[in-house]
Every structure is written in structure tokens, then in C-alpha cells.
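*Asks:* Here you go, target_35.txt (compact mmCIF, C-alpha atoms):
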```txt
# COMPACT_ATOMS: atom_id res chain seq x y z
CA HIS A 1 -0.32 -34.10 4.31
CA ALA A 2 -0.18 -34.06 8.08
CA TYR A 3 -0.59 -30.75 9.86
CA TYR A 4 1.05 -30.11 13.20
CA ALA A 5 0.65 -26.96 15.27
CA PHE A 6 3.31 -25.30 17.41
CA SER A 7 1.71 -23.00 19.91
CA ASP A 8 2.30 -20.83 22.92
CA THR A 9 -0.25 -20.65 25.73
CA ASN A 10 -2.75 -18.87 23.46
CA GLY A 11 -3.88 -22.34 22.44
CA VAL A 12 -4.23 -24.57 19.42
CA GLY A 13 -7.17 -25.89 17.43
CA TYR A 14 -8.26 -28.96 15.51
CA ILE A 15 -7.30 -29.30 11.87
CA ASN A 16 -5.51 -32.15 10.19
CA ARG A 17 -4.36 -31.41 6.63
CA TYR A 18 -2.99 -28.52 4.61
CA THR A 19 -1.86 -27.65 1.11
CA SER A 20 -0.50 -24.13 1.68
CA PHE A 21 1.27 -22.41 4.55
CA SER A 22 2.37 -18.89 5.43
CA SER A 23 3.77 -17.12 8.48
CA TRP A 24 4.04 -13.45 9.45
CA ASP A 25 7.14 -13.74 11.63
CA ASN A 26 9.81 -16.16 10.48
CA PRO A 27 13.28 -14.89 11.47
CA ASN A 28 14.69 -18.36 11.91
CA ALA A 29 13.80 -21.91 11.07
CA THR A 30 13.92 -25.13 12.97
CA THR A 31 13.57 -28.77 12.09
CA TYR A 32 11.54 -31.63 13.42
CA ASN A 33 12.34 -35.15 12.27
CA GLY A 34 14.30 -33.66 9.38
CA VAL A 35 11.44 -31.43 8.16
CA ARG A 36 12.08 -27.69 7.96
CA LEU A 37 9.47 -25.77 9.92
CA GLY A 38 8.51 -22.10 10.21
CA ALA A 39 9.71 -20.29 13.31
CA GLY A 40 9.26 -16.98 15.06
CA ALA A 41 6.25 -16.39 17.26
CA THR A 42 5.30 -20.04 16.81
CA GLN A 43 8.73 -21.60 16.95
CA ILE A 44 9.55 -24.78 18.87
CA GLU A 45 11.63 -23.93 21.90
CA ALA A 46 13.94 -26.35 23.66
CA LEU A 47 13.22 -24.57 26.92
CA ASN A 48 10.40 -25.31 29.31
CA ASP A 49 8.91 -21.82 29.17
CA GLY A 50 5.27 -22.55 28.43
CA LEU A 51 5.63 -23.23 24.71
CA ALA A 52 4.74 -26.53 23.09
CA VAL A 53 8.09 -28.27 22.68
CA THR A 54 6.76 -31.00 20.39
CA PRO A 55 4.30 -30.85 17.50
CA VAL A 56 0.63 -31.00 18.51
CA TRP A 57 -1.52 -33.14 16.24
CA MET A 58 -4.77 -31.39 15.32
CA ALA A 59 -6.80 -34.56 15.45
CA SER A 60 -10.22 -33.90 13.92
CA ASP A 61 -11.86 -35.12 10.73
CA THR A 62 -14.51 -32.39 10.73
CA HIS A 63 -12.39 -29.83 8.88
CA LEU A 64 -9.98 -30.84 6.12
CA ALA A 65 -7.88 -27.71 5.70
CA THR A 66 -6.67 -26.57 2.29
CA ILE A 67 -5.36 -23.11 3.26
CA LEU A 68 -3.39 -22.24 6.38
CA SER A 69 -2.17 -18.82 7.51
CA LEU A 70 -0.46 -17.57 10.69
CA GLY A 71 -0.46 -14.23 12.46
CA VAL A 72 1.88 -13.44 15.31
CA ALA A 73 -0.22 -15.34 17.86
CA HIS A 74 -3.28 -16.51 15.96
CA THR A 75 -4.00 -19.02 13.20
CA CYS A 76 -6.60 -19.24 10.43
CA SER A 77 -7.44 -22.03 8.03
CA MET A 78 -10.00 -22.82 5.39
CA GLY A 79 -11.36 -26.17 4.39
CA MET A 80 -14.53 -27.99 3.48
CA GLY A 81 -16.22 -26.87 6.68
CA GLY A 82 -15.55 -23.16 6.19
CA THR A 83 -12.91 -20.74 7.49
CA TYR A 84 -11.82 -20.97 11.11
CA CYS A 85 -9.46 -18.93 13.31
CA TRP A 86 -8.09 -19.46 16.81
CA GLY A 87 -5.53 -18.08 19.26
CA ASP A 88 -5.09 -14.46 20.36
CA ASN A 89 -8.29 -12.46 19.85
CA ASP A 90 -7.89 -9.21 21.79
CA GLU A 91 -8.06 -7.25 18.52
CA GLY A 92 -10.74 -9.37 16.83
CA GLN A 93 -8.20 -11.16 14.66
CA THR A 94 -10.19 -14.41 14.75
CA GLY A 95 -12.96 -12.69 12.79
CA THR A 96 -15.72 -14.09 14.96
CA ALA A 97 -17.61 -10.78 15.44
CA SER A 98 -16.58 -10.58 19.09
CA VAL A 99 -13.69 -9.78 21.41
CA THR A 100 -15.57 -11.09 24.45
CA SER A 101 -12.93 -13.77 24.68
CA SER A 102 -9.37 -12.42 24.41
CA GLN A 103 -8.24 -15.79 23.14
CA GLU A 104 -9.89 -18.67 21.36
CA ASN A 105 -8.38 -22.02 22.31
CA TYR A 106 -10.40 -23.87 19.67
CA PRO A 107 -11.23 -22.97 16.07
CA LYS A 108 -14.14 -20.57 15.67
CA LEU A 109 -15.98 -19.98 12.41
CA VAL A 110 -15.09 -16.69 10.73
CA PHE A 111 -18.17 -14.47 10.59
CA SER A 112 -18.50 -13.73 6.88
CA PRO A 113 -20.66 -15.07 4.05
CA SER A 114 -17.60 -14.75 1.80
CA ALA A 115 -15.41 -16.96 4.00
CA SER A 116 -16.35 -20.09 2.07
CA SER A 117 -14.85 -18.59 -1.09
CA PHE A 118 -11.42 -17.65 0.31
CA THR A 119 -8.60 -18.84 -1.93
CA GLU A 120 -5.67 -17.21 -0.12
CA MET A 121 -5.10 -15.79 3.36
CA ALA A 122 -2.37 -13.64 4.90
CA GLY A 123 -1.79 -13.06 8.59
CA GLY A 124 -0.37 -9.82 9.98
CA TYR A 125 0.60 -8.97 13.53
CA GLN A 126 -2.95 -8.76 14.85
CA HIS A 127 -4.98 -8.66 11.66
CA HIS A 128 -5.77 -10.98 8.80
CA CYS A 129 -6.63 -10.54 5.13
CA ALA A 130 -8.12 -12.94 2.62
CA LEU A 131 -8.61 -13.16 -1.12
CA THR A 132 -11.84 -14.57 -2.52
CA SER A 133 -12.41 -16.57 -5.67
CA GLY A 134 -14.21 -13.52 -7.10
CA GLY A 135 -11.16 -11.29 -6.73
CA SER A 136 -12.21 -9.42 -3.60
CA VAL A 137 -10.03 -8.70 -0.56
CA LEU A 138 -11.40 -8.77 2.98
CA CYS A 139 -9.51 -7.89 6.17
CA TRP A 140 -10.29 -8.01 9.89
CA GLY A 141 -8.70 -7.49 13.30
CA GLU A 142 -6.51 -4.64 14.53
CA ASN A 143 -6.97 -1.40 12.60
CA ASP A 144 -4.97 1.21 14.54
CA TYR A 145 -3.17 2.26 11.34
CA GLY A 146 -5.87 1.54 8.77
CA GLN A 147 -4.48 -1.87 7.86
CA ILE A 148 -8.03 -3.23 7.41
CA GLY A 149 -8.51 -0.93 4.42
CA ASN A 150 -11.88 0.59 5.28
CA GLU A 151 -10.51 4.19 5.32
CA THR A 152 -10.71 4.47 9.11
CA THR A 153 -8.57 3.70 12.13
CA VAL A 154 -11.48 2.39 14.17
CA SER A 155 -10.17 -0.68 15.95
CA PRO A 156 -10.82 -3.51 16.36
CA GLN A 157 -12.76 -4.68 13.31
CA THR A 158 -14.14 -8.03 14.44
CA ILE A 159 -15.62 -9.25 11.14
CA PRO A 160 -14.09 -9.37 7.65
CA LEU A 161 -14.64 -6.10 5.76
CA SER A 162 -14.29 -5.62 2.02
CA VAL A 163 -11.39 -3.52 0.77
CA GLU A 164 -12.36 -1.28 -2.14
CA LEU A 165 -9.81 -1.86 -4.89
CA PRO A 166 -9.90 -1.22 -8.66
CA GLY A 167 -10.31 -4.33 -10.75
CA LEU A 168 -9.86 -7.83 -9.34
CA ALA A 169 -7.31 -8.77 -6.72
CA THR A 170 -5.05 -11.71 -7.53
CA ALA A 171 -2.88 -11.86 -4.39
CA VAL A 172 -2.81 -10.42 -0.88
CA ALA A 173 -0.23 -9.84 1.86
CA ALA A 174 -0.30 -8.61 5.47
CA GLY A 175 2.57 -7.13 7.48
CA ARG A 176 2.68 -5.93 11.05
CA SER A 177 0.40 -2.94 10.46
CA HIS A 178 0.07 -2.71 6.70
CA SER A 179 -1.55 -4.74 3.94
CA CYS A 180 -1.01 -5.03 0.19
CA ALA A 181 -2.68 -6.62 -2.82
CA ILE A 182 -1.93 -7.23 -6.48
CA THR A 183 -4.82 -6.23 -8.73
CA ASN A 184 -5.71 -6.67 -12.38
CA ASP A 185 -7.94 -3.93 -13.77
CA SER A 186 -8.84 -4.80 -17.37
CA GLY A 187 -5.32 -6.06 -18.01
CA THR A 188 -3.50 -3.36 -16.02
CA VAL A 189 -1.68 -5.00 -13.11
CA ARG A 190 -0.84 -2.84 -10.10
CA ILE A 191 0.16 -3.24 -6.45
CA TYR A 192 -1.85 -1.38 -3.82
CA CYS A 193 -0.85 -0.99 -0.15
CA TRP A 194 -2.57 0.58 2.85
CA GLY A 195 -1.98 1.01 6.59
CA ARG A 196 1.07 2.17 8.51
CA ASN A 197 3.72 4.01 6.51
CA ASN A 198 6.36 5.09 9.02
CA LEU A 199 9.04 3.10 7.16
CA ASP A 200 7.84 3.50 3.56
CA GLN A 201 5.73 0.33 3.73
CA MET A 202 3.45 1.83 1.06
CA GLY A 203 6.21 2.01 -1.55
CA ASN A 204 4.83 5.40 -2.58
CA ALA A 205 6.57 8.72 -1.93
CA ALA A 206 3.25 10.58 -1.76
CA ALA A 207 1.59 8.27 0.77
CA PRO A 208 0.77 9.71 4.21
CA ASN A 209 1.21 7.89 7.52
CA PRO A 210 -1.08 6.15 8.02
CA SER A 211 -2.32 5.63 4.47
CA LEU A 212 -6.05 4.91 4.76
CA ASP A 213 -7.40 4.80 1.20
CA PRO A 214 -6.42 1.64 -0.70
CA TYR A 215 -8.21 2.92 -3.83
CA ASP A 216 -6.31 6.21 -4.18
CA PRO A 217 -4.00 5.91 -7.22
CA ASP A 218 -1.91 8.87 -6.00
CA THR A 219 -0.98 7.40 -2.64
CA ALA A 220 -1.79 3.67 -2.62
CA VAL A 221 -0.09 2.43 -5.79
CA VAL A 222 3.43 1.15 -5.22
CA ASP A 223 5.73 3.29 -7.37
CA TYR A 224 9.26 3.01 -6.01
CA PRO A 225 9.90 -0.42 -4.51
CA VAL A 226 13.64 -0.23 -5.18
CA THR A 227 16.14 2.60 -5.57
CA THR A 228 15.97 2.34 -9.35
CA GLY A 229 12.27 3.07 -9.10
CA ALA A 230 10.53 0.48 -11.24
CA ILE A 231 9.26 -3.07 -11.00
CA VAL A 232 10.37 -5.17 -13.95
CA GLY A 233 7.80 -7.63 -15.27
CA THR A 234 4.29 -8.41 -14.05
CA PRO A 235 3.84 -9.01 -10.29
CA THR A 236 2.59 -12.53 -9.59
CA GLN A 237 3.20 -13.00 -5.85
CA ILE A 238 3.38 -10.65 -2.86
CA VAL A 239 4.54 -11.28 0.71
CA ALA A 240 4.96 -8.96 3.69
CA GLY A 241 7.32 -8.97 6.64
CA GLU A 242 7.00 -6.84 9.73
CA ASN A 243 7.59 -3.50 8.01
CA HIS A 244 8.63 -4.40 4.47
CA THR A 245 7.09 -6.07 1.45
CA CYS A 246 8.45 -8.01 -1.53
CA VAL A 247 6.92 -9.07 -4.82
CA ARG A 248 7.91 -11.71 -7.33
CA THR A 249 7.37 -10.96 -11.00
CA ASN A 250 7.49 -12.96 -14.20
CA SER A 251 10.68 -11.21 -15.31
CA LEU A 252 13.49 -13.50 -16.43
CA VAL A 253 16.12 -10.91 -15.46
CA ASN A 254 15.19 -9.36 -12.11
CA SER A 255 12.21 -11.05 -10.51
CA VAL A 256 12.15 -9.98 -6.82
CA PHE A 257 11.55 -6.38 -5.72
CA CYS A 258 11.25 -5.10 -2.13
CA TRP A 259 10.44 -1.86 -0.33
CA GLY A 260 10.01 -0.60 3.24
CA ASP A 261 12.21 -1.08 6.30
CA ASN A 262 15.84 -1.81 5.41
CA SER A 263 17.43 -1.48 8.84
CA LEU A 264 18.63 -5.08 8.72
CA GLY A 265 19.23 -5.38 5.00
CA GLN A 266 15.71 -6.54 4.13
CA MET A 267 15.99 -5.09 0.62
CA GLY A 268 18.74 -7.52 -0.31
CA ASP A 269 20.62 -4.90 -2.34
CA GLY A 270 23.77 -4.85 -0.25
CA THR A 271 22.69 -1.89 1.90
CA ASN A 272 21.06 -1.35 5.28
CA GLY A 273 19.41 1.59 6.92
```
As C-alpha cells, please, write out the structure in this file.
*Replies:*
Amino acid sequence: HAYYAFSDTNGVGYINRYTSFSSWDNPNATTYNGVRLGAGATQIEALNDGLAVTPVWMASDTHLATILSLGVAHTCSMGMGGTYCWGDNDEGQTGTASVTSSQENYPKLVFSPSASSFTEMAGGYQHHCALTSGGSVLCWGENDYGQIGNETTVSPQTIPLSVELPGLATAVAAGRSHSCAITNDSGTVRIYCWGRNNLDQMGNAAAPNPSLDPYDPDTAVVDYPVTTGAIVGTPTQIVAGENHTCVRTNSLVNSVFCWGDNSLGQMGDGTNG
């Protein structure tokens, strides 16, 4: 599994294999040698405007990546050598305990003892979240709207911080300024969201803006993701766009449910606005 990076002038790192891939901003797609590639903030441009116009091979054998996740201008991966991030770092989104350097042109080790147990990562605009093998969620980076989940808006948060959630998390997602997780609390599966809520990103009519407490069942639990008001089936996957979120459930009838910004028809229900 060859891994190629497409980067702007914020730089690229050294990693050479992947088994999973996600991107925060993917409005289009492009192809390279017949392979469909993610686009958006990391898209290949045919113009000579400072972007890498051909894939860059991350040629190093020191870090065999198994998880790969993109923010708007930063990248994180996990492999046998630990979890590394690189790119834009002016909000601490590389998780290296420092913003001394506003960009990291090479992979830097994420400053967290839990980083070796990450099983899933999700990149937001300028923050990142990760799921551990023990069912914990950690987030780091920009926190202007409480998207880190530590009940504050102190920003930046330069090291991964634990998000207090009931039960064990099974999936995590990060949008522009909000984050969400699926949890299982003794068999009860719920979706919790936190962060910016100016466009109903929380999926909860009672949630304030910003919504700072991921643990609060009155404001953090998603309760009206669609106009009919209920998720059918058990949520198994969650993904976030800029200001909206969707989940996939195990329902055999209706399996995808979305909430948040619908200005461009993101809900997929035939409406916009």
C-alpha cells in the first residue's frame, strides 16, 4: 500500500504505507494514474501556484503507518513508531506540546502516552481527535469553540487532552469547530457532540453555542439529526464535514442520518437552507 502526500507549502513528512484514510475537506475529487484521490485543501492543482502538482513519495522505513488522518492543512498518522503529525501548527494541531514553530515540515511525535494506543483519528479544521483502544477520546489543537472537549475555550491546546464521556467511545469525528463521538455505556449507544453550534452541529435543540460539556446528557446527546427526529438503528460510523455531521447505522431501511448546516443540501433530503 503506497502512500503519497499532496501538500501545499506547509510541508510534507515521511511515511510510506497506510491502511485507512480520512479528510476534513473533500468537496471534489481528482485522479492520479487512474486512482481516485481526496481533494480540497490538499488537492492536486494543475496550476503552478505553490502546490505540489505530483504525488510526493514519503520515503522512510522508520514509520510504517496504519492510520492516516488529514486536517485542513496538517496531517497525522500512526504506525509502529508512534503517532506523528506535521504541517500547519499555529494552533497546536500537531500535538507536540508547542507552537514555537507555526509549521512542522517533518513528522513530529505527538506528545501523549496514549498516542501508541490510537485506533482511529479524525482531523478538523485546526484540531485533531483520536480514539484509543481502551475507548477513550483525546483531542488537541484549536479550541476557540470548545471543540477539544475540556469544557473551556482556552486555545490552543497543544497536547492531547481526554474528553470525559459516559461509557466507552467506539468512533470519533471532527468538523471545522466541532467534534463528535459514538459511545457505548453498558449497552446503551449514544452520539455525543461538542464545540461550535451556530448551525445546529450538536444535533440537540437544547445545546448552547458553543457547547462545552461533552458529558451533559441534556445538551450533548444528539436528539434530532433529521426532521423526523430519530436515528433508526444503532450508530456504527460517524463522519463530520465543515459544519455538519452524518452517521451510518446498522438499519436495513434507513442507514444514513445527518444534521447541521444544510445551506448546500448537505442533509441529502431534497432540501437546502
*Asks:* Find the residues around Ala122 (chain A) up to 12 Å (only C-alpha atoms counted), leave out those fewer than 3 positions away in its own chain, and share them as a PyMOL selection string.
*Replies:* chain A and resi 20-25+67-72+74-78+93+118-119+125-131+137-140+171-176+178-181+238-241
*Asks:* Choose the residue, out of A:Thr132, A:Pro208, A:Val221, A:Gly141, that has the smallest atom-to-atom separation from Pro113 (chain A); count all atoms listed in the file.
*Replies:*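 For Pro113 (chain A), the nearest of the candidates is A:Thr132.
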*Asks:* Report, in Å with one decimal, the straight-line distance from CA of Asn250 (chain A) to CA of Thr236 (chain A).
*Replies:*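 Taking CA of Asn250 (chain A) as the start and CA of Thr236 (chain A) as the end point, the length is 6.7 Å.
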*Asks:* Got a sec to check which residues sit within 9 Å of (-11.8, -6.8, 16.2), counting all atoms listed in the file, and write them as a PDB file with C-alpha atoms, in the coordinates of the input?
*Replies:*
```pdb
ATOM      1  CA  ASN A  89      -8.290 -12.460  19.850  1.00  0.00           C
ATOM      2  CA  ASP A  90      -7.890  -9.210  21.790  1.00  0.00           C
ATOM      3  CA  GLU A  91      -8.060  -7.250  18.520  1.00  0.00           C
ATOM      4  CA  GLY A  92     -10.740  -9.370  16.830  1.00  0.00           C
ATOM      5  CA  GLN A  93      -8.200 -11.160  14.660  1.00  0.00           C
ATOM      6  CA  THR A  94     -10.190 -14.410  14.750  1.00  0.00           C
ATOM      7  CA  GLY A  95     -12.960 -12.690  12.790  1.00  0.00           C
ATOM      8  CA  THR A  96     -15.720 -14.090  14.960  1.00  0.00           C
ATOM      9  CA  ALA A  97     -17.610 -10.780  15.440  1.00  0.00           C
ATOM     10  CA  SER A  98     -16.580 -10.580  19.090  1.00  0.00           C
ATOM     11  CA  VAL A  99     -13.690  -9.780  21.410  1.00  0.00           C
ATOM     12  CA  HIS A 127      -4.980  -8.660  11.660  1.00  0.00           C
ATOM     13  CA  TRP A 140     -10.290  -8.010   9.890  1.00  0.00           C
ATOM     14  CA  GLY A 141      -8.700  -7.490  13.300  1.00  0.00           C
ATOM     15  CA  GLU A 142      -6.510  -4.640  14.530  1.00  0.00           C
ATOM     16  CA  ASN A 143      -6.970  -1.400  12.600  1.00  0.00           C
ATOM     17  CA  SER A 155     -10.170  -0.680  15.950  1.00  0.00           C
ATOM     18  CA  PRO A 156     -10.820  -3.510  16.360  1.00  0.00           C
ATOM     19  CA  GLN A 157     -12.760  -4.680  13.310  1.00  0.00           C
ATOM     20  CA  THR A 158     -14.140  -8.030  14.440  1.00  0.00           C
ATOM     21  CA  ILE A 159     -15.620  -9.250  11.140  1.00  0.00           C
TER      22      ILE A 159
END
```
*Asks:* Of the candidates A:Thr153, A:Thr188, A:Thr66, A:Thr83, which shows the shortest atom-to-atom distance to Gly167 (chain A), using all atoms listed in the file?
*Replies:* A:Thr188
*Asks:* Just the number, please: distance in Å from CA of Asp88 (chain A) to CA of Gly123 (chain A), one decimal.
*Replies:*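 The value is 12.3 Å.
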*Asks:* Report, in Å with one decimal, the straight-line distance from CA of Asp213 (chain A) to CA of Gln237 (chain A).
*Replies:*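 If I compute the distance from CA of Asp213 (chain A) to CA of Gln237 (chain A), I get 21.9 Å.
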*Asks:* Write out as a PDB file with C-alpha atoms, in the frame of the given file which residues come within 10 Å of Gly82 (chain A) when counting all atoms listed in the file, dropping same-chain ones fewer than 3 positions away.
*Replies:*
```
ATOM      1  CA  HIS A  63     -12.390 -29.830   8.880  1.00  0.00           C
ATOM      2  CA  LEU A  64      -9.980 -30.840   6.120  1.00  0.00           C
ATOM      3  CA  ALA A  65      -7.880 -27.710   5.700  1.00  0.00           C
ATOM      4  CA  SER A  77      -7.440 -22.030   8.030  1.00  0.00           C
ATOM      5  CA  MET A  78     -10.000 -22.820   5.390  1.00  0.00           C
ATOM      6  CA  GLY A  79     -11.360 -26.170   4.390  1.00  0.00           C
ATOM      7  CA  LYS A 108     -14.140 -20.570  15.670  1.00  0.00           C
ATOM      8  CA  LEU A 109     -15.980 -19.980  12.410  1.00  0.00           C
ATOM      9  CA  VAL A 110     -15.090 -16.690  10.730  1.00  0.00           C
ATOM     10  CA  SER A 112     -18.500 -13.730   6.880  1.00  0.00           C
ATOM     11  CA  PRO A 113     -20.660 -15.070   4.050  1.00  0.00           C
ATOM     12  CA  SER A 114     -17.600 -14.750   1.800  1.00  0.00           C
ATOM     13  CA  ALA A 115     -15.410 -16.960   4.000  1.00  0.00           C
ATOM     14  CA  SER A 116     -16.350 -20.090   2.070  1.00  0.00           C
ATOM     15  CA  SER A 117     -14.850 -18.590  -1.090  1.00  0.00           C
ATOM     16  CA  PHE A 118     -11.420 -17.650   0.310  1.00  0.00           C
TER      17      PHE A 118
END
```
*Asks:* Per residue of region 137-162 of chain A within 6 Å of region 189-198 of chain A, record the nearest atom pair and its distance in Å to one decimal, counting all atoms listed in the file, with rows in chain order and ascending residue number, as a Markdown table.
*Replies:*
```
| residue | atom | partner | partner_atom | distance |
| --- | --- | --- | --- | --- |
| A:Tyr145 | CA | A:Gly195 | CA | 5.1 |
| A:Gly146 | CA | A:Gly195 | CA | 4.5 |
| A:Gln147 | CA | A:Gly195 | CA | 4.0 |
```
*Asks:* Could you write those residues out with C-alpha atoms, as an mmCIF file, in the coordinates of the input?
*Replies:*
```cif
data_model
loop_
_atom_site.group_PDB
_atom_site.id
_atom_site.type_symbol
_atom_site.label_atom_id
_atom_site.label_comp_id
_atom_site.auth_asym_id
_atom_site.auth_seq_id
_atom_site.Cartn_x
_atom_site.Cartn_y
_atom_site.Cartn_z
ATOM 1 C CA TYR A 145 -3.170 2.260 11.340
ATOM 2 C CA GLY A 146 -5.870 1.540 8.770
ATOM 3 C CA GLN A 147 -4.480 -1.870 7.860
#
```
*Asks:* What lies within 12 Å of Thr271 (chain A) using all atoms listed in the file, ignoring chain neighbours under 2 positions off, as a list in words?
*Replies:*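 So the residues in contact are Val226, Thr227, Asp261, Asn262, Ser263, Leu264, Gly265, Gln266, Met267, Gly268, Asp269 and Gly273 of chain A.
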*Asks:* Of the residues A:Thr234, A:Ser177, A:Gln103, A:Thr170, which is the one nearest to Gln201 (chain A), using all atoms listed in the file?
*Replies:* A:Ser177
*Asks:* Determine the nearest neighbour of Leu212 (chain A) from the options A:Gly81, A:Pro107, A:Gly149, A:Gly87, counting only C-alpha atoms.
*Replies:*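 Ranked by minimum distance to Leu212 (chain A), first place goes to A:Gly149.
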*Asks:* With distances taken over all atoms listed in the file, which residue among A:Gly203, A:Pro235, A:Gly124, A:Pro210 lies nearest Ala169 (chain A)?
*Replies:*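 Among A:Gly203, A:Pro235, A:Gly124, A:Pro210, it is A:Pro235 that comes nearest to Ala169 (chain A).
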*Asks:* Can you give me N, CA and C atoms for region 192-222 of chain A, written as a PDB file, in the coordinates of the input?
*Replies:*
```pdb
ATOM      1  N   TYR A 192      -1.293  -2.380  -4.731  1.00  0.00           N
ATOM      2  CA  TYR A 192      -1.850  -1.380  -3.820  1.00  0.00           C
ATOM      3  C   TYR A 192      -1.494  -1.764  -2.382  1.00  0.00           C
ATOM      4  N   CYS A 193      -1.128  -0.758  -1.571  1.00  0.00           N
ATOM      5  CA  CYS A 193      -0.850  -0.990  -0.150  1.00  0.00           C
ATOM      6  C   CYS A 193      -1.588   0.034   0.693  1.00  0.00           C
ATOM      7  N   TRP A 194      -1.868  -0.327   1.941  1.00  0.00           N
ATOM      8  CA  TRP A 194      -2.570   0.580   2.850  1.00  0.00           C
ATOM      9  C   TRP A 194      -2.177   0.225   4.276  1.00  0.00           C
ATOM     10  N   GLY A 195      -2.327   1.225   5.179  1.00  0.00           N
ATOM     11  CA  GLY A 195      -1.980   1.010   6.590  1.00  0.00           C
ATOM     12  C   GLY A 195      -0.818   1.882   7.020  1.00  0.00           C
ATOM     13  N   ARG A 196      -0.029   1.385   7.939  1.00  0.00           N
ATOM     14  CA  ARG A 196       1.070   2.170   8.510  1.00  0.00           C
ATOM     15  C   ARG A 196       2.161   2.414   7.472  1.00  0.00           C
ATOM     16  N   ASN A 197       2.734   3.632   7.522  1.00  0.00           N
ATOM     17  CA  ASN A 197       3.720   4.010   6.510  1.00  0.00           C
ATOM     18  C   ASN A 197       4.903   4.732   7.124  1.00  0.00           C
ATOM     19  N   ASN A 198       5.254   4.402   8.365  1.00  0.00           N
ATOM     20  CA  ASN A 198       6.360   5.090   9.020  1.00  0.00           C
ATOM     21  C   ASN A 198       7.720   4.694   8.461  1.00  0.00           C
ATOM     22  N   LEU A 199       7.772   3.574   7.726  1.00  0.00           N
ATOM     23  CA  LEU A 199       9.040   3.100   7.160  1.00  0.00           C
ATOM     24  C   LEU A 199       8.894   2.824   5.663  1.00  0.00           C
ATOM     25  N   ASP A 200       8.070   3.623   5.013  1.00  0.00           N
ATOM     26  CA  ASP A 200       7.840   3.500   3.560  1.00  0.00           C
ATOM     27  C   ASP A 200       7.226   2.164   3.172  1.00  0.00           C
ATOM     28  N   GLN A 201       6.387   1.603   4.050  1.00  0.00           N
ATOM     29  CA  GLN A 201       5.730   0.330   3.730  1.00  0.00           C
ATOM     30  C   GLN A 201       4.816   0.435   2.513  1.00  0.00           C
ATOM     31  N   MET A 202       4.363   1.662   2.182  1.00  0.00           N
ATOM     32  CA  MET A 202       3.450   1.830   1.060  1.00  0.00           C
ATOM     33  C   MET A 202       4.177   1.767  -0.283  1.00  0.00           C
ATOM     34  N   GLY A 203       5.490   1.991  -0.287  1.00  0.00           N
ATOM     35  CA  GLY A 203       6.210   2.010  -1.550  1.00  0.00           C
ATOM     36  C   GLY A 203       5.798   3.165  -2.436  1.00  0.00           C
ATOM     37  N   ASN A 204       5.333   4.261  -1.830  1.00  0.00           N
ATOM     38  CA  ASN A 204       4.830   5.400  -2.580  1.00  0.00           C
ATOM     39  C   ASN A 204       5.248   6.677  -1.856  1.00  0.00           C
ATOM     40  N   ALA A 205       6.013   7.524  -2.552  1.00  0.00           N
ATOM     41  CA  ALA A 205       6.570   8.720  -1.930  1.00  0.00           C
ATOM     42  C   ALA A 205       5.493   9.703  -1.475  1.00  0.00           C
ATOM     43  N   ALA A 206       4.313   9.629  -2.084  1.00  0.00           N
ATOM     44  CA  ALA A 206       3.250  10.580  -1.760  1.00  0.00           C
ATOM     45  C   ALA A 206       2.331  10.078  -0.645  1.00  0.00           C
ATOM     46  N   ALA A 207       2.518   8.862  -0.206  1.00  0.00           N
ATOM     47  CA  ALA A 207       1.590   8.270   0.770  1.00  0.00           C
ATOM     48  C   ALA A 207       1.784   8.875   2.156  1.00  0.00           C
ATOM     49  N   PRO A 208       0.680   9.207   2.843  1.00  0.00           N
ATOM     50  CA  PRO A 208       0.770   9.710   4.210  1.00  0.00           C
ATOM     51  C   PRO A 208       0.978   8.569   5.185  1.00  0.00           C
ATOM     52  N   ASN A 209       1.117   8.902   6.462  1.00  0.00           N
ATOM     53  CA  ASN A 209       1.210   7.890   7.520  1.00  0.00           C
ATOM     54  C   ASN A 209       0.209   8.213   8.624  1.00  0.00           C
ATOM     55  N   PRO A 210      -0.825   7.359   8.792  1.00  0.00           N
ATOM     56  CA  PRO A 210      -1.080   6.150   8.020  1.00  0.00           C
ATOM     57  C   PRO A 210      -1.736   6.465   6.673  1.00  0.00           C
ATOM     58  N   SER A 211      -1.695   5.494   5.787  1.00  0.00           N
ATOM     59  CA  SER A 211      -2.320   5.630   4.470  1.00  0.00           C
ATOM     60  C   SER A 211      -3.622   4.832   4.500  1.00  0.00           C
ATOM     61  N   LEU A 212      -4.759   5.543   4.458  1.00  0.00           N
ATOM     62  CA  LEU A 212      -6.050   4.910   4.760  1.00  0.00           C
ATOM     63  C   LEU A 212      -6.877   4.518   3.545  1.00  0.00           C
ATOM     64  N   ASP A 213      -6.546   5.032   2.366  1.00  0.00           N
ATOM     65  CA  ASP A 213      -7.400   4.800   1.200  1.00  0.00           C
ATOM     66  C   ASP A 213      -6.720   3.872   0.204  1.00  0.00           C
ATOM     67  N   PRO A 214      -7.053   2.584   0.215  1.00  0.00           N
ATOM     68  CA  PRO A 214      -6.420   1.640  -0.700  1.00  0.00           C
ATOM     69  C   PRO A 214      -6.712   1.920  -2.168  1.00  0.00           C
ATOM     70  N   TYR A 215      -7.769   2.692  -2.448  1.00  0.00           N
ATOM     71  CA  TYR A 215      -8.210   2.920  -3.830  1.00  0.00           C
ATOM     72  C   TYR A 215      -7.494   4.099  -4.480  1.00  0.00           C
ATOM     73  N   ASP A 216      -6.876   4.953  -3.674  1.00  0.00           N
ATOM     74  CA  ASP A 216      -6.310   6.210  -4.180  1.00  0.00           C
ATOM     75  C   ASP A 216      -5.076   5.940  -5.038  1.00  0.00           C
ATOM     76  N   PRO A 217      -5.140   6.199  -6.349  1.00  0.00           N
ATOM     77  CA  PRO A 217      -4.000   5.910  -7.220  1.00  0.00           C
ATOM     78  C   PRO A 217      -2.794   6.806  -6.953  1.00  0.00           C
ATOM     79  N   ASP A 218      -3.013   7.950  -6.269  1.00  0.00           N
ATOM     80  CA  ASP A 218      -1.910   8.870  -6.000  1.00  0.00           C
ATOM     81  C   ASP A 218      -1.087   8.467  -4.781  1.00  0.00           C
ATOM     82  N   THR A 219      -1.699   7.730  -3.869  1.00  0.00           N
ATOM     83  CA  THR A 219      -0.980   7.400  -2.640  1.00  0.00           C
ATOM     84  C   THR A 219      -0.880   5.906  -2.363  1.00  0.00           C
ATOM     85  N   ALA A 220      -1.755   5.094  -2.963  1.00  0.00           N
ATOM     86  CA  ALA A 220      -1.790   3.670  -2.620  1.00  0.00           C
ATOM     87  C   ALA A 220      -1.011   2.790  -3.577  1.00  0.00           C
ATOM     88  N   VAL A 221      -0.786   3.255  -4.806  1.00  0.00           N
ATOM     89  CA  VAL A 221      -0.090   2.430  -5.790  1.00  0.00           C
ATOM     90  C   VAL A 221       1.410   2.424  -5.505  1.00  0.00           C
ATOM     91  N   VAL A 222       1.992   1.266  -5.433  1.00  0.00           N
ATOM     92  CA  VAL A 222       3.430   1.150  -5.220  1.00  0.00           C
ATOM     93  C   VAL A 222       4.162   1.696  -6.433  1.00  0.00           C
TER      94      VAL A 222
END
```
